[in-house]
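Have a look at the structure below, then the notes.
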Amino acid sequence: MSLLSIENLSLSIHGTNILRDVSLRIEPGEIHAVTGESGSGKSMTAFTVMQLLPNGAKASGRVMLGGDDVLQADEARMCSLRGARVGMVFQEPMTALNPVKTIGDQVAETILIHGAMPRDAAYARAREVLQRVGLPEDRFPLSRYPHELSGGQRQRVVIAIAIALQPDLLIADEPTTALDVTTQAQILDLLKRLVSEDDMGMLMITHDLAVVADMAHRITVMRHGEVVETGPTAELLRNRRHPYTRMLFEASTHQVNLPPLPPPAPLLEARDVRRSYRLPRTRLLEAPGEFEAVRGVSFTLNAGERLGLVGESGCGKSTLTRAILGLEPLQGGEILLNGAPIRAQGREADAIRRSMQVVFQDPFGSFNPRHRVNRLITEPFHLLPDPPRGAAREAAISEALHAVGLSPDDARKYIHEFSGGQRQRIAIARALIIKPDLILFDEAVSALDVSVRAQILDLLADLCAQYGLAYLFISHDLSVVRSVTDRVMVMQAGEIVEEGITEEVFSNPQHPYTRALIAAAPVLDLEGAA
Amino acid sequence: MLRYALKRLLSLVISLAVASVVIFMVIEVAPGDPAQFMLGLNAQPDTVAALRAELGLDLPKWQRYLSWAGGMMTGDFGMSYTYRTPVSQMIADRMWVSLPLALYALTLSTLIAFPAGIFAAAHRGGPGDVAVMGATQLGVAIPNFWFAMMLVLVFAINLRWFSAGGFPGWDGGVWAGLKALTLPAIAQALPQAAILARVMRSALLDVLGEDFIRTARAKGLSRRQALWRHGVRNALIPVLTIIGLQFAFLLAGAIIIEQVFYLPGLGRLIFQAISSRDLIVVESVVMLLVFAVIVVNFTVDLAYAAVDPRLRNRT
Amino acid sequence: MRGRRNLIAGAMLSAVFVLAALVSFVWTPHDHTTMNIPAKLRLPDSAHWLGTDHFGRDLFSMIMVGARTSIAVALVAVGIGMGLGVPLGLAAAARKGRWIDEFIMRGNDLIFAFPSLVIAILITAVFGAGAVNAIIAIGIFNIPVFARITRGAALSLWERDFILAARVAGKSAARISVEHILPNVGNLLIVQGTIQFSLGILAEAGLSYVGLGAQPPTPSWGRMLADAQTLVSIAPHLALVPGMAIITTVLGLNLLGDGLRDWLDPRLRVART
């Protein structure tokens, strides 16, 4: 008998169909990955197994967990199954733990709530489990609170909570999406090890095909609430029978064709840039400490060049980006754009800044929800001494929208009428409208589904060819940076530790940190599988 | 934790200092000479001058402020202009009515609001929730002094369970005193409980939407267990803020309720003082109320740290 | 669904009282100041729809005219609170962590230490009682309420990328506050304004009840209750009528506020104190 067998599961929430006829099985010791883009229903499948669905959910079919059909089980029965027979790990470790309870209490609670053992034994077990997930007691006593731990460490606590009673099945919903790549590699290793040591089954939900290929024994691809294709990992990667599967995998490994570089002429120059923040006082009478977010960064970006900046969270790349945009004061060094310092004041600053624009990560937070698209994308006109009016303005709006593949009619709409990918196009239109020499892409494709991401990357390449655009592409995603940049810089702890031609850095990294990054990043190698 | 407490304490001292200056200055602009007022319109100028000297009214402003503020720190609030008795004595007598009343009302309000708010949140959208929310909607709209009049009408005049007003003093026993304060406390507590219950409910609903509640449910906790073990304590943080504000409101609001029940508290004192232009009494009672509010806020800040470990090692 | 019902019920109740106040300028069933001792303490009948008080004055007319005082005091007080509080909150958020933010927020804390009743007492002690003092006292207390919620909402907006985009477009903090922040806190301010309006009506009633608010001959619900107090055992309707007027008005405004919140944006964080 399978550990988990889902048969013809359909689900609707308040009448909206979420899942249709989903079937899959998991055997002990097997990692079964369910993948797909947003809206595919992959997470809802996991929550159906746990019966932790929002109000108004109606499910039909059969979901057999061992001998129990969870769709028929009453709430009391489900409570005795959750945590004991099936554990769950969530996407966001920063919020998955109760901030006012110690990690020891939270792990021991799993054991105590099921009455599995007396209090002392439960805490002894909690200690063991935390040790098992890599949080030994001498460094991470049970009395620690979640806010004293990093994201990766918190995810280990969440895993400890899930496996404390050695469940038969572990459900992991995007367990590493919120983590840095090196942390991701460690957590994935941990999960793999736990599955094989305890002979657990694991249902892993993830959008990241490289992770899927790396981890899973079986893969199920979903789209719009339906299973598109399922099979053993190697076989599925090799054959990719369904066109959607093929599209998905190709989009993940999408390569764009960048136009050739013009002869080098400096556009953006950073010289020994330093940015530090005052830390809050730790002792009453001592001077407050300083945190150096950017520690003496120098680089040059040439006209028409596509430069990448990679690094993990907290490495200082966001601070550097804001400094380049002139939004942060510097404690040392200077940043020049076309030879002029970007921190100039007043109208002079506008004249310098108008050759630089930015596209942010979040397609939802980048626009004032109360303005129409024509007003949104003309905001940079504020930088012009004599912004176009009337027909000239309309023409500029149409041209910018056209350049990013939208229709001029979209100018009268509000931002909520667009999808995530369309919003990023509008963000690019906003950047393009004053014809800058340089655009900063700050994690600009990180929030997008792979198929949409591929389209946006193609758009970038097109714009480079058309406008001779230069950009600085800031991202944590190594594979994307590899595909869309000529040159790349690797940033760690406020410093650029390696810099060079993108292909060379990736194929022959010199700095140990670069090596660690590249080694940790899961790679989707379709040729190897074929 | 200690540093957090010290920092809050420092801000408490600064607030008190600034508040005392503000109060002093406001009273200073008051028209009319207290000495003249005390002696009547027909007083001889030299008698008035003598009294001014006796009361210290002829000194420069900053000196008078310092002696007032310094005196308060040692419990010396000065002499009442009208009664010629120490203000501290007058206030101390009245405090024993107003402070117990505020605490009594706060206790009642909390005892009613917590279960009501938690119950409503736990049964969100159900008939129980709708009933509690409807009751609180009404409770928020009722002026407490009107409610007090209705309580008097029903429980004192018609049913004769309580007396319609007055206070026997604590000498007659704790129970007699508490009984006399019961109707005023209920009158103040119910509208406040309505607000607090709404805050409790919405804070709890916010917490119940958090990720860690889902983690708790995934462990095998039932909805109810997750609510009690993980929800309530996290919901306390916004609720504590409101409790702090309510105490201030109850203490100051007692001024009105005391009028309804003819209670000899700070409220009665302050109205007598206003009508007889006994400004030093007004000044002192106001300062005392503000002092109480600031101290309560300080206590609430400390309570935050007890509830939320994230605050303990912050500056 | 329920939000819509709240909105309609609240709007209707509030409208009734605004209408009563407006109509009272041109018409009341009786003159609200005319005494008629023989007809004193009448229960509601066809001549006096809500009965008469101890001087034989028509309660219905007094309630209509009293609505004027309540609405005027609460409205101006909310205006003071918004007019000063919102710019302060916007400025504090725009200069987060700088001295001006500290200054505004500490100032707020200081005002919060003075409950509106205490402010009213201070003002009355100095300048004597009157409706204007009630307005000032309630208005001053409203300033930190609006400053705080504006700052809170504005701070989270300042973190959003569209504000960064505006800064990249070279716009000043003041311009961003007006162009981007203010329209996005508008809903919150409307809802909070409704709530403060209802609290203002309660506060005005309380102040007039203890004699710190509107003085005779200005009619006021709070003073009607004060007059009713000694007579409540023989003529309960003297207390019931103004009490019900206050309750229904405040209830209507609160329902309106809740309904507006659900209608505009259910996630708004509104302060209730």
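Letters for chains follow the order of the structure tokens (A, B, ...), residue numbers begin at 1 for each chain, and ligand numbers begin at 1 in the order shown.
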
Q. Could you pull the residues within 10 Å of Ile205 in chain A, counting only C-alpha atoms, minus those fewer than 4 positions along the same chain, as number ranges by chain?
A. A: 32-36, 42-46, 90-91, 171-175, 212, 220

Output N, CA and C atoms for every residue in the selection just made, as a PDB file, in the first residue's frame.
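Result saved to result-v4.pdb:
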ATOM      1  N   HIS A  32       8.682  12.913  -3.899  1.00  0.00           N
ATOM      2  CA  HIS A  32       7.813  13.174  -5.049  1.00  0.00           C
ATOM      3  C   HIS A  32       7.627  14.687  -5.159  1.00  0.00           C
ATOM      4  N   ALA A  33       8.133  15.247  -6.237  1.00  0.00           N
ATOM      5  CA  ALA A  33       8.042  16.695  -6.396  1.00  0.00           C
ATOM      6  C   ALA A  33       6.840  17.064  -7.248  1.00  0.00           C
ATOM      7  N   VAL A  34       6.078  18.033  -6.784  1.00  0.00           N
ATOM      8  CA  VAL A  34       4.987  18.571  -7.589  1.00  0.00           C
ATOM      9  C   VAL A  34       5.395  19.979  -8.004  1.00  0.00           C
ATOM     10  N   THR A  35       5.407  20.228  -9.290  1.00  0.00           N
ATOM     11  CA  THR A  35       5.898  21.519  -9.755  1.00  0.00           C
ATOM     12  C   THR A  35       4.912  22.147 -10.729  1.00  0.00           C
ATOM     13  N   GLY A  36       5.101  23.407 -10.970  1.00  0.00           N
ATOM     14  CA  GLY A  36       4.201  24.133 -11.856  1.00  0.00           C
ATOM     15  C   GLY A  36       4.320  25.608 -11.552  1.00  0.00           C
ATOM     16  N   LYS A  42      -0.514  23.565  -7.000  1.00  0.00           N
ATOM     17  CA  LYS A  42       0.398  22.621  -6.355  1.00  0.00           C
ATOM     18  C   LYS A  42       0.381  22.740  -4.837  1.00  0.00           C
ATOM     19  N   SER A  43       0.328  23.985  -4.333  1.00  0.00           N
ATOM     20  CA  SER A  43       0.298  24.135  -2.874  1.00  0.00           C
ATOM     21  C   SER A  43      -1.035  23.661  -2.305  1.00  0.00           C
ATOM     22  N   MET A  44      -2.119  23.928  -3.030  1.00  0.00           N
ATOM     23  CA  MET A  44      -3.432  23.511  -2.531  1.00  0.00           C
ATOM     24  C   MET A  44      -3.518  21.989  -2.428  1.00  0.00           C
ATOM     25  N   THR A  45      -2.821  21.293  -3.312  1.00  0.00           N
ATOM     26  CA  THR A  45      -2.777  19.834  -3.206  1.00  0.00           C
ATOM     27  C   THR A  45      -2.182  19.438  -1.860  1.00  0.00           C
ATOM     28  N   ALA A  46      -1.082  20.111  -1.493  1.00  0.00           N
ATOM     29  CA  ALA A  46      -0.434  19.795  -0.219  1.00  0.00           C
ATOM     30  C   ALA A  46      -1.356  20.104   0.950  1.00  0.00           C
ATOM     31  N   PHE A  90       7.098  24.778   5.772  1.00  0.00           N
ATOM     32  CA  PHE A  90       6.486  25.845   4.983  1.00  0.00           C
ATOM     33  C   PHE A  90       7.523  26.696   4.267  1.00  0.00           C
ATOM     34  N   GLN A  91       7.002  27.611   3.463  1.00  0.00           N
ATOM     35  CA  GLN A  91       7.874  28.427   2.620  1.00  0.00           C
ATOM     36  C   GLN A  91       8.632  29.489   3.400  1.00  0.00           C
ATOM     37  N   ILE A 171       5.584  16.813   4.201  1.00  0.00           N
ATOM     38  CA  ILE A 171       5.175  17.682   3.103  1.00  0.00           C
ATOM     39  C   ILE A 171       6.000  18.948   3.184  1.00  0.00           C
ATOM     40  N   ALA A 172       6.666  19.314   2.106  1.00  0.00           N
ATOM     41  CA  ALA A 172       7.480  20.527   2.119  1.00  0.00           C
ATOM     42  C   ALA A 172       6.955  21.450   1.029  1.00  0.00           C
ATOM     43  N   ASP A 173       6.424  22.610   1.453  1.00  0.00           N
ATOM     44  CA  ASP A 173       5.824  23.549   0.503  1.00  0.00           C
ATOM     45  C   ASP A 173       6.839  24.649   0.210  1.00  0.00           C
ATOM     46  N   GLU A 174       7.469  24.612  -0.937  1.00  0.00           N
ATOM     47  CA  GLU A 174       8.507  25.586  -1.303  1.00  0.00           C
ATOM     48  C   GLU A 174       9.485  25.809  -0.146  1.00  0.00           C
ATOM     49  N   PRO A 175      10.117  24.749   0.367  1.00  0.00           N
ATOM     50  CA  PRO A 175      10.863  24.889   1.622  1.00  0.00           C
ATOM     51  C   PRO A 175      12.104  25.773   1.518  1.00  0.00           C
ATOM     52  N   VAL A 212      13.937  20.561  -8.378  1.00  0.00           N
ATOM     53  CA  VAL A 212      13.169  19.344  -8.636  1.00  0.00           C
ATOM     54  C   VAL A 212      14.069  18.268  -9.226  1.00  0.00           C
ATOM     55  N   THR A 220       5.722  15.404 -10.688  1.00  0.00           N
ATOM     56  CA  THR A 220       4.405  15.636 -11.265  1.00  0.00           C
ATOM     57  C   THR A 220       4.350  17.105 -11.682  1.00  0.00           C
TER      58      THR A 220
END

Q.
I need the residues of range 10-122 of chain B that end up classed as alpha helix (DSSP H) by DSSP on the backbone, written out as JSON, numbers by chain.
A. {"B": [10, 11, 12, 13, 14, 15, 16, 17, 18, 19, 20, 21, 22, 23, 24, 25, 26, 27, 28, 34, 35, 36, 37, 38, 39, 45, 46, 47, 48, 49, 50, 51, 52, 53, 54, 55, 61, 62, 63, 64, 65, 66, 67, 68, 69, 70, 71, 72, 73, 87, 88, 89, 90, 91, 92, 93, 94, 95, 96, 97, 98, 99, 100, 101, 102, 103, 104, 105, 106, 107, 108, 109, 110, 111, 112, 113, 114, 115, 116, 117, 118, 119, 120, 121, 122]}

Take the selection from the previous step and output its residues with C-alpha atoms, as a compact mmCIF listing (two decimals), in the first residue's frame.
# COMPACT_ATOMS: atom_id res chain seq x y z
CA LEU B 10 14.30 58.20 31.26
CA SER B 11 11.53 59.02 28.80
CA LEU B 12 9.05 58.90 31.69
CA VAL B 13 11.04 61.48 33.64
CA ILE B 14 11.33 63.77 30.60
CA SER B 15 7.60 63.47 29.88
CA LEU B 16 6.79 64.37 33.47
CA ALA B 17 9.09 67.36 33.41
CA VAL B 18 7.64 68.70 30.15
CA ALA B 19 4.07 68.02 31.24
CA SER B 20 4.61 69.87 34.53
CA VAL B 21 5.99 72.90 32.67
CA VAL B 22 3.02 72.89 30.30
CA ILE B 23 0.50 72.67 33.12
CA PHE B 24 2.26 75.36 35.12
CA MET B 25 2.36 77.72 32.18
CA VAL B 26 -1.30 77.18 31.30
CA ILE B 27 -2.35 77.94 34.84
CA GLU B 28 -0.08 81.01 34.84
CA PRO B 34 -5.89 84.27 43.52
CA ALA B 35 -5.10 86.49 46.50
CA GLN B 36 -7.61 89.09 45.34
CA PHE B 37 -10.15 86.37 44.73
CA MET B 38 -9.64 84.88 48.19
CA LEU B 39 -10.00 88.17 49.99
CA PRO B 45 -4.38 96.51 48.59
CA ASP B 46 -1.82 96.00 51.34
CA THR B 47 -3.70 93.00 52.74
CA VAL B 48 -3.73 91.51 49.26
CA ALA B 49 0.00 92.18 48.90
CA ALA B 50 0.65 90.53 52.25
CA LEU B 51 -1.31 87.47 51.20
CA ARG B 52 0.51 87.37 47.86
CA ALA B 53 3.79 87.32 49.74
CA GLU B 54 2.51 84.64 52.07
CA LEU B 55 1.43 82.46 49.14
CA LYS B 61 7.71 82.63 37.64
CA TRP B 62 10.64 80.24 37.33
CA GLN B 63 11.17 80.29 41.08
CA ARG B 64 7.53 79.51 41.70
CA TYR B 65 7.70 76.67 39.16
CA LEU B 66 10.74 75.18 40.84
CA SER B 67 9.23 75.37 44.30
CA TRP B 68 5.96 73.86 43.00
CA ALA B 69 7.65 71.06 41.09
CA GLY B 70 10.22 70.49 43.83
CA GLY B 71 7.51 70.45 46.45
CA MET B 72 5.51 67.84 44.54
CA MET B 73 8.47 65.52 44.50
CA VAL B 87 -3.43 70.25 48.92
CA SER B 88 -1.67 66.93 49.40
CA GLN B 89 -4.05 66.10 52.25
CA MET B 90 -7.11 67.00 50.17
CA ILE B 91 -5.88 64.94 47.24
CA ALA B 92 -4.91 61.96 49.36
CA ASP B 93 -8.45 61.72 50.77
CA ARG B 94 -10.02 61.88 47.32
CA MET B 95 -7.50 59.49 45.77
CA TRP B 96 -8.90 56.72 47.92
CA VAL B 97 -12.14 57.02 46.01
CA SER B 98 -10.94 57.73 42.46
CA LEU B 99 -8.09 55.26 42.23
CA PRO B 100 -10.02 52.22 43.53
CA LEU B 101 -12.88 53.19 41.23
CA ALA B 102 -10.62 53.25 38.19
CA LEU B 103 -9.00 49.94 39.11
CA TYR B 104 -12.37 48.36 39.82
CA ALA B 105 -13.70 49.52 36.44
CA LEU B 106 -10.56 48.38 34.63
CA THR B 107 -10.78 44.95 36.22
CA LEU B 108 -14.43 44.60 35.27
CA SER B 109 -13.76 45.83 31.75
CA THR B 110 -10.93 43.34 31.25
CA LEU B 111 -12.89 40.47 32.77
CA ILE B 112 -15.77 41.12 30.39
CA ALA B 113 -13.77 42.02 27.29
CA PHE B 114 -11.26 39.17 27.21
CA PRO B 115 -13.73 36.28 27.15
CA ALA B 116 -16.08 38.18 24.83
CA GLY B 117 -13.32 39.11 22.38
CA ILE B 118 -11.75 35.66 22.39
CA PHE B 119 -15.14 33.99 22.01
CA ALA B 120 -16.06 36.23 19.07
CA ALA B 121 -12.73 35.60 17.34
CA ALA B 122 -12.96 31.85 17.88

Q) Taking only C-alpha atoms into account, what are the residues of chain B at most 6 Å from chain A, put as a PyMOL selection string? A) chain B and resi 211-212+218-220+308-309

Q: Within 7 Å of chain C, which residues of chain B are there when counting only C-alpha atoms? Please give them as a PyMOL selection string.
A: chain B and resi 15+19+27+29-31+137-138+141-143+146+153+157+242+249+252+256+274+286+290+293-294

Write to file, as a CSV table (one decimal), in the first residue's frame, the residues of the selection just made, with C-alpha atoms.
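Written file, out28.csv:
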chain,number,residue,atom,x,y,z
B,15,SER,CA,7.6,63.5,29.9
B,19,ALA,CA,4.1,68.0,31.2
B,27,ILE,CA,-2.4,77.9,34.8
B,29,VAL,CA,-2.0,82.6,32.0
B,30,ALA,CA,-5.2,82.3,34.0
B,31,PRO,CA,-6.7,85.7,34.5
B,137,GLN,CA,-21.3,48.2,18.7
B,138,LEU,CA,-24.0,49.4,21.0
B,141,ALA,CA,-22.1,54.2,21.5
B,142,ILE,CA,-23.4,54.6,25.0
B,143,PRO,CA,-22.2,57.6,27.0
B,146,TRP,CA,-26.1,58.3,30.8
B,153,LEU,CA,-32.8,54.5,38.0
B,157,ILE,CA,-34.3,53.8,42.7
B,242,ILE,CA,-5.5,49.9,24.7
B,249,PHE,CA,-9.4,57.4,30.3
B,252,ALA,CA,-9.9,61.0,34.0
B,256,ILE,CA,-17.7,62.7,35.2
B,274,ILE,CA,-12.6,75.5,39.4
B,286,VAL,CA,-4.3,67.8,36.7
B,290,VAL,CA,-1.1,63.2,33.9
B,293,VAL,CA,-1.3,58.3,32.7
B,294,ILE,CA,2.5,58.5,32.1

Q | Contact residues (chain A, partner chain C, 8 Å, only C-alpha atoms) as a list in words | A | Leu325, Gly326, Leu327, Asp350, Arg353, Arg354, Gln357, Val358, Phe360, Asp362, Gly365, Ser366, Phe367, Asn368, Arg370, Glu379, Pro380, Phe381, His382 and Leu383 of chain A

Restrict the selected residues to N, CA and C atoms and save them as a PDB file, in the first residue's frame.
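So the final result, stored in part.pdb, reads:
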ATOM      1  N   LEU A 325      21.589  54.836  -7.300  1.00  0.00           N
ATOM      2  CA  LEU A 325      20.420  55.639  -7.662  1.00  0.00           C
ATOM      3  C   LEU A 325      20.427  57.005  -6.977  1.00  0.00           C
ATOM      4  N   GLY A 326      21.421  57.220  -6.121  1.00  0.00           N
ATOM      5  CA  GLY A 326      21.507  58.503  -5.431  1.00  0.00           C
ATOM      6  C   GLY A 326      20.560  58.608  -4.256  1.00  0.00           C
ATOM      7  N   LEU A 327      20.078  57.466  -3.769  1.00  0.00           N
ATOM      8  CA  LEU A 327      19.117  57.499  -2.673  1.00  0.00           C
ATOM      9  C   LEU A 327      19.791  57.329  -1.314  1.00  0.00           C
ATOM     10  N   ASP A 350      19.071  66.342 -11.398  1.00  0.00           N
ATOM     11  CA  ASP A 350      18.082  65.835 -12.350  1.00  0.00           C
ATOM     12  C   ASP A 350      18.721  65.596 -13.705  1.00  0.00           C
ATOM     13  N   ARG A 353      20.734  62.457 -13.404  1.00  0.00           N
ATOM     14  CA  ARG A 353      19.954  61.248 -13.145  1.00  0.00           C
ATOM     15  C   ARG A 353      19.063  60.849 -14.312  1.00  0.00           C
ATOM     16  N   ARG A 354      18.784  61.772 -15.197  1.00  0.00           N
ATOM     17  CA  ARG A 354      17.847  61.388 -16.242  1.00  0.00           C
ATOM     18  C   ARG A 354      18.455  60.374 -17.198  1.00  0.00           C
ATOM     19  N   GLN A 357      17.693  54.908 -15.032  1.00  0.00           N
ATOM     20  CA  GLN A 357      16.388  54.542 -14.491  1.00  0.00           C
ATOM     21  C   GLN A 357      16.483  53.183 -13.837  1.00  0.00           C
ATOM     22  N   VAL A 358      15.388  52.760 -13.196  1.00  0.00           N
ATOM     23  CA  VAL A 358      15.437  51.521 -12.423  1.00  0.00           C
ATOM     24  C   VAL A 358      14.155  50.718 -12.605  1.00  0.00           C
ATOM     25  N   PHE A 360      12.185  47.643 -10.429  1.00  0.00           N
ATOM     26  CA  PHE A 360      12.265  46.919  -9.166  1.00  0.00           C
ATOM     27  C   PHE A 360      11.713  45.509  -9.281  1.00  0.00           C
ATOM     28  N   ASP A 362       9.300  43.871  -7.236  1.00  0.00           N
ATOM     29  CA  ASP A 362       7.921  43.522  -6.927  1.00  0.00           C
ATOM     30  C   ASP A 362       6.962  44.131  -7.934  1.00  0.00           C
ATOM     31  N   GLY A 365       4.197  46.145  -5.930  1.00  0.00           N
ATOM     32  CA  GLY A 365       4.455  47.325  -5.112  1.00  0.00           C
ATOM     33  C   GLY A 365       5.103  48.466  -5.867  1.00  0.00           C
ATOM     34  N   SER A 366       5.390  48.272  -7.159  1.00  0.00           N
ATOM     35  CA  SER A 366       6.162  49.274  -7.884  1.00  0.00           C
ATOM     36  C   SER A 366       5.325  50.422  -8.424  1.00  0.00           C
ATOM     37  N   PHE A 367       4.014  50.329  -8.259  1.00  0.00           N
ATOM     38  CA  PHE A 367       3.163  51.358  -8.855  1.00  0.00           C
ATOM     39  C   PHE A 367       2.159  51.894  -7.844  1.00  0.00           C
ATOM     40  N   ASN A 368       1.928  53.187  -7.922  1.00  0.00           N
ATOM     41  CA  ASN A 368       0.881  53.791  -7.114  1.00  0.00           C
ATOM     42  C   ASN A 368      -0.469  53.292  -7.634  1.00  0.00           C
ATOM     43  N   ARG A 370      -3.322  54.220  -7.324  1.00  0.00           N
ATOM     44  CA  ARG A 370      -4.352  55.219  -7.605  1.00  0.00           C
ATOM     45  C   ARG A 370      -4.122  55.997  -8.880  1.00  0.00           C
ATOM     46  N   GLU A 379       6.191  59.438 -14.945  1.00  0.00           N
ATOM     47  CA  GLU A 379       6.772  60.041 -13.750  1.00  0.00           C
ATOM     48  C   GLU A 379       8.213  60.524 -13.969  1.00  0.00           C
ATOM     49  N   PRO A 380       9.052  59.770 -14.682  1.00  0.00           N
ATOM     50  CA  PRO A 380      10.435  60.246 -14.887  1.00  0.00           C
ATOM     51  C   PRO A 380      10.516  61.569 -15.653  1.00  0.00           C
ATOM     52  N   PHE A 381       9.456  61.986 -16.320  1.00  0.00           N
ATOM     53  CA  PHE A 381       9.468  63.287 -17.004  1.00  0.00           C
ATOM     54  C   PHE A 381       9.776  64.424 -16.040  1.00  0.00           C
ATOM     55  N   HIS A 382       9.533  64.157 -14.752  1.00  0.00           N
ATOM     56  CA  HIS A 382       9.843  65.153 -13.731  1.00  0.00           C
ATOM     57  C   HIS A 382      11.311  65.578 -13.806  1.00  0.00           C
ATOM     58  N   LEU A 383      12.155  64.674 -14.335  1.00  0.00           N
ATOM     59  CA  LEU A 383      13.592  64.963 -14.398  1.00  0.00           C
ATOM     60  C   LEU A 383      13.945  65.886 -15.566  1.00  0.00           C
TER      61      LEU A 383
END

Q. CA of Ala164 in chain B to CA of Glu258 in chain B: how many Å, to one decimal?
A.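 So the two atoms, CA of Ala164 in chain B and CA of Glu258 in chain B, lie 11.7 Å apart.
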
Q: One decimal, Å: what's the distance from CA of Asp301 in chain B over to CA of Ile104 in chain C, could you say?
A: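 These two atoms are separated by 19.5 Å.
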
Shell around Tyr471 in chain A at 9 Å using only C-alpha atoms, local window under 6 positions removed, as a PDB file with N, CA and C atoms, in the first residue's frame:
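New file part.pdb:
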ATOM      1  N   LEU A 301      31.130  50.551 -15.515  1.00  0.00           N
ATOM      2  CA  LEU A 301      30.180  49.946 -16.444  1.00  0.00           C
ATOM      3  C   LEU A 301      30.260  50.768 -17.723  1.00  0.00           C
ATOM      4  N   ALA A 303      29.378  52.009 -21.679  1.00  0.00           N
ATOM      5  CA  ALA A 303      28.174  52.279 -22.465  1.00  0.00           C
ATOM      6  C   ALA A 303      27.796  51.030 -23.242  1.00  0.00           C
ATOM      7  N   GLY A 304      26.517  50.693 -23.222  1.00  0.00           N
ATOM      8  CA  GLY A 304      26.033  49.545 -23.969  1.00  0.00           C
ATOM      9  C   GLY A 304      26.352  48.198 -23.341  1.00  0.00           C
ATOM     10  N   GLU A 305      26.957  48.219 -22.172  1.00  0.00           N
ATOM     11  CA  GLU A 305      27.367  46.956 -21.552  1.00  0.00           C
ATOM     12  C   GLU A 305      26.284  46.415 -20.622  1.00  0.00           C
ATOM     13  N   ARG A 306      26.221  45.077 -20.515  1.00  0.00           N
ATOM     14  CA  ARG A 306      25.281  44.433 -19.617  1.00  0.00           C
ATOM     15  C   ARG A 306      26.081  43.813 -18.479  1.00  0.00           C
ATOM     16  N   LEU A 307      26.007  44.445 -17.303  1.00  0.00           N
ATOM     17  CA  LEU A 307      26.824  44.013 -16.175  1.00  0.00           C
ATOM     18  C   LEU A 307      25.935  43.366 -15.125  1.00  0.00           C
ATOM     19  N   GLY A 308      26.388  42.241 -14.585  1.00  0.00           N
ATOM     20  CA  GLY A 308      25.617  41.555 -13.548  1.00  0.00           C
ATOM     21  C   GLY A 308      26.214  41.801 -12.175  1.00  0.00           C
ATOM     22  N   ASP A 437      20.533  56.109 -20.599  1.00  0.00           N
ATOM     23  CA  ASP A 437      21.659  55.321 -21.103  1.00  0.00           C
ATOM     24  C   ASP A 437      21.792  54.025 -20.327  1.00  0.00           C
ATOM     25  N   LEU A 438      21.244  54.067 -19.082  1.00  0.00           N
ATOM     26  CA  LEU A 438      21.477  52.946 -18.171  1.00  0.00           C
ATOM     27  C   LEU A 438      20.199  52.626 -17.413  1.00  0.00           C
ATOM     28  N   ILE A 439      19.899  51.318 -17.305  1.00  0.00           N
ATOM     29  CA  ILE A 439      18.780  50.909 -16.447  1.00  0.00           C
ATOM     30  C   ILE A 439      19.303  49.930 -15.410  1.00  0.00           C
ATOM     31  N   LEU A 440      18.880  50.113 -14.165  1.00  0.00           N
ATOM     32  CA  LEU A 440      19.207  49.156 -13.113  1.00  0.00           C
ATOM     33  C   LEU A 440      18.041  48.186 -12.981  1.00  0.00           C
ATOM     34  N   PHE A 441      18.342  46.900 -13.112  1.00  0.00           N
ATOM     35  CA  PHE A 441      17.300  45.899 -12.896  1.00  0.00           C
ATOM     36  C   PHE A 441      17.550  45.260 -11.539  1.00  0.00           C
ATOM     37  N   CYS A 464      18.123  46.046 -25.891  1.00  0.00           N
ATOM     38  CA  CYS A 464      19.559  46.306 -26.029  1.00  0.00           C
ATOM     39  C   CYS A 464      19.908  46.518 -27.502  1.00  0.00           C
ATOM     40  N   THR A 485      24.007  38.690 -19.063  1.00  0.00           N
ATOM     41  CA  THR A 485      25.056  39.685 -18.845  1.00  0.00           C
ATOM     42  C   THR A 485      26.327  39.346 -19.610  1.00  0.00           C
TER      43      THR A 485
END
